[in-house]
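Reading through the structure tokens given below for one structure.
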Amino acid sequence: MLVTVVSVAYNSEATIAKTIESVLYQTYPNIEYIIIDGASRDNTVEIAKSFLPQFVKQKGKSLRIISEPDQGMYDALNKGIATAKGVIIGSINTDDWYEPEAVAIMTALYEKEHYDAAWGSIRIKKNTGDMIKHAKLGRFWTTTGWCHPAMFATKDVLIEFPYACRNMYDDFNFITSAHCSGKRIVTIDKVISNFSFGGMSTQKKLNDVWYRAKIKYEIYRKHGMSRWYWFHCIGMEMAKYILG
């Protein structure tokens, strides 16, 4: 079964090689890798192109690079998904990287469970040390066990619920839309990817805490979920603010 992996890049010359290598050296043999670059101004594209001969040598693996302006990460992901040929699609950011058996694990899980979307656990890389965020589906629908960097989903469901290109939580909006539509969602508590801590979702200003809680709450309400989720949203963001 062909699997597609999509990476979104912009001025990623410092980190993209490690991401590409993590796809190149996957134990699973049949992978289409698509890099969507947002017209980087550094050497991102040149570094990516330098890996083309290595993908040619790996039977069953291919690398395609598209570089053009876009409207941000989720617009780029939608582009990659639209051109993908794989049955299931994973996405890995260009400052993160997969474990060697990531695709094999998620493909075996698909063959067993026939999921619409699934994710595994992630290793969060922090200056203070690594931590594991365990994949899980709890009694309540929350982001607590949600690990987008370790998610794979069918092309069909990703086309049915495209990323909205509204804000940083487009990924959670996607998976919540799939959940509320009754799609088959499963998890596996195995580390699939390594996530570099930082970015918009970890900014520590109080205004950022309020903003992130507000947009997550809007997703819950958009899907008809309880107003009580406000307390979950603000509680989770305050915990991140205090604990780092």
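Quick note on naming: the chains in the structure tokens go A, B, ... in the order shown, residues restart at 1 in each chain, and ligands are numbered from 1 in order of appearance.
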Fewer than 3 positions away in the same chain doesn't count, so skip those; otherwise give me all residues within 10 Å of A:Ser177, counting only C-alpha atoms, as a list in words.
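After dropping sequence-adjacent residues, the list is Val157, Glu160, Phe161, Pro162, Asp171, Phe172, Asn173, Phe174, Cys180, Ser181, Gly182, Lys183, Ile219, Tyr220, Lys222 and His223 of chain A.
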For the selection just defined, write its residues with N, CA and C atoms to a file, as a compact mmCIF listing (two decimals), in the first residue's frame.
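And here's result.txt as it stands now:
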```txt
# COMPACT_ATOMS: atom_id res chain seq x y z
N VAL A 157 -10.76 11.22 3.91
CA VAL A 157 -11.25 12.04 5.02
C VAL A 157 -10.57 13.41 5.03
N GLU A 160 -12.41 15.37 2.51
CA GLU A 160 -13.77 15.69 2.98
C GLU A 160 -13.76 16.84 3.98
N PHE A 161 -12.72 16.88 4.83
CA PHE A 161 -12.62 17.93 5.85
C PHE A 161 -11.29 18.68 5.68
N PRO A 162 -11.16 19.51 4.66
CA PRO A 162 -9.89 20.21 4.43
C PRO A 162 -9.59 21.17 5.57
N ASP A 171 -5.68 21.99 12.80
CA ASP A 171 -5.55 20.53 12.91
C ASP A 171 -6.59 19.96 13.86
N PHE A 172 -6.80 20.63 15.00
CA PHE A 172 -7.80 20.14 15.95
C PHE A 172 -9.21 20.33 15.40
N ASN A 173 -9.43 21.37 14.63
CA ASN A 173 -10.72 21.54 13.97
C ASN A 173 -10.99 20.40 13.00
N PHE A 174 -9.95 19.99 12.25
CA PHE A 174 -10.10 18.87 11.32
C PHE A 174 -10.51 17.60 12.07
N CYS A 180 -16.95 14.26 15.04
CA CYS A 180 -18.37 14.57 15.15
C CYS A 180 -19.17 14.01 13.98
N SER A 181 -18.49 13.67 12.91
CA SER A 181 -19.16 13.06 11.75
C SER A 181 -19.18 11.54 11.83
N GLY A 182 -18.67 11.00 12.92
CA GLY A 182 -18.73 9.56 13.13
C GLY A 182 -17.64 8.77 12.43
N LYS A 183 -16.56 9.44 12.01
CA LYS A 183 -15.46 8.72 11.36
C LYS A 183 -14.74 7.84 12.38
N ILE A 219 -13.90 26.12 18.54
CA ILE A 219 -14.01 24.86 17.81
C ILE A 219 -15.01 23.93 18.50
N TYR A 220 -14.92 23.85 19.82
CA TYR A 220 -15.88 23.02 20.57
C TYR A 220 -17.32 23.49 20.32
N LYS A 222 -18.48 25.36 17.88
CA LYS A 222 -18.85 25.20 16.47
C LYS A 222 -19.43 23.81 16.21
N HIS A 223 -18.93 22.82 16.95
CA HIS A 223 -19.38 21.45 16.76
C HIS A 223 -20.45 21.05 17.78
```
To test your reading of the structure, identify every residue in stretch 9-226 of chain A that backbone DSSP assigns to alpha helix (DSSP H), and report it as JSON, numbers by chain.
{"A": [16, 17, 18, 19, 20, 21, 22, 23, 24, 44, 45, 46, 47, 48, 49, 52, 53, 54, 55, 56, 57, 73, 74, 75, 76, 77, 78, 79, 80, 81, 82, 83, 102, 103, 104, 105, 106, 107, 108, 109, 110, 111, 112, 113, 155, 156, 157, 158, 159, 160, 170, 171, 172, 173, 174, 175, 176, 177, 178, 179, 180, 206, 207, 208, 209, 210, 211, 212, 213, 214, 215, 216, 217, 218, 219, 220, 221, 222]}
Distance query stretch 11-28 of chain A at most 9 Å, only C-alpha atoms, self and fewer than 4 positions along chain excluded, as a PyMOL selection string:
chain A and resi 5+7+33+37-48+51+54-55+58+61-63+92-105+107
Counting only C-alpha atoms, which residue out of A:Ser193, A:Ser67, A:Thr144, A:Thr176 sits closest to A:Gly80?
A:Ser67
As a ChimeraX atom specification, please: every residue in stretch 44-210 of chain A that DSSP puts in strand (DSSP E or B).
/A:61-67,88-91,97-98,117-125,131-133,151-154,185-196
As a ChimeraX atom specification, please: the residues near A:Met73 (cut-off 9 Å, only C-alpha atoms, same-chain neighbours under 6 positions excluded).
/A:8-10,38,165,168
Saved selection, atoms kept: N, CA and C atoms, as a compact mmCIF listing (two decimals), in the first residue's frame:
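Heads up, here's the output in selection_13.txt:
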```
# COMPACT_ATOMS: atom_id res chain seq x y z
N VAL A 8 5.66 20.54 5.19
CA VAL A 8 5.54 21.94 4.81
C VAL A 8 6.80 22.66 5.26
N ALA A 9 7.40 23.46 4.37
CA ALA A 9 8.66 24.12 4.68
C ALA A 9 8.62 25.60 4.34
N TYR A 10 9.33 26.37 5.12
CA TYR A 10 9.59 27.78 4.79
C TYR A 10 10.83 28.22 5.55
N GLY A 38 7.11 27.11 0.79
CA GLY A 38 6.43 28.38 0.58
C GLY A 38 7.30 29.45 -0.04
N CYS A 165 -7.67 26.80 7.24
CA CYS A 165 -6.75 27.93 7.03
C CYS A 165 -7.21 29.18 7.78
N MET A 168 -4.02 28.54 14.16
CA MET A 168 -3.07 27.50 14.52
C MET A 168 -3.73 26.18 14.93
```
Determine, counting only C-alpha atoms, which protein, DNA and RNA residues have an atom within 9 Å of an atom of A:Ile188; residues of the same chain fewer than 3 positions away are not included. Present the result as a PyMOL selection string.
chain A and resi 105-106+109+118-121+134-136+191
Compile the contact shell of stretch 202-217 of chain A as a ChimeraX atom specification: residues with an atom at most 7 Å away, counting only C-alpha atoms, same-chain residues fewer than 3 positions apart removed.
/A:169,198-199,220-221,229-230,233-234,237-238,241
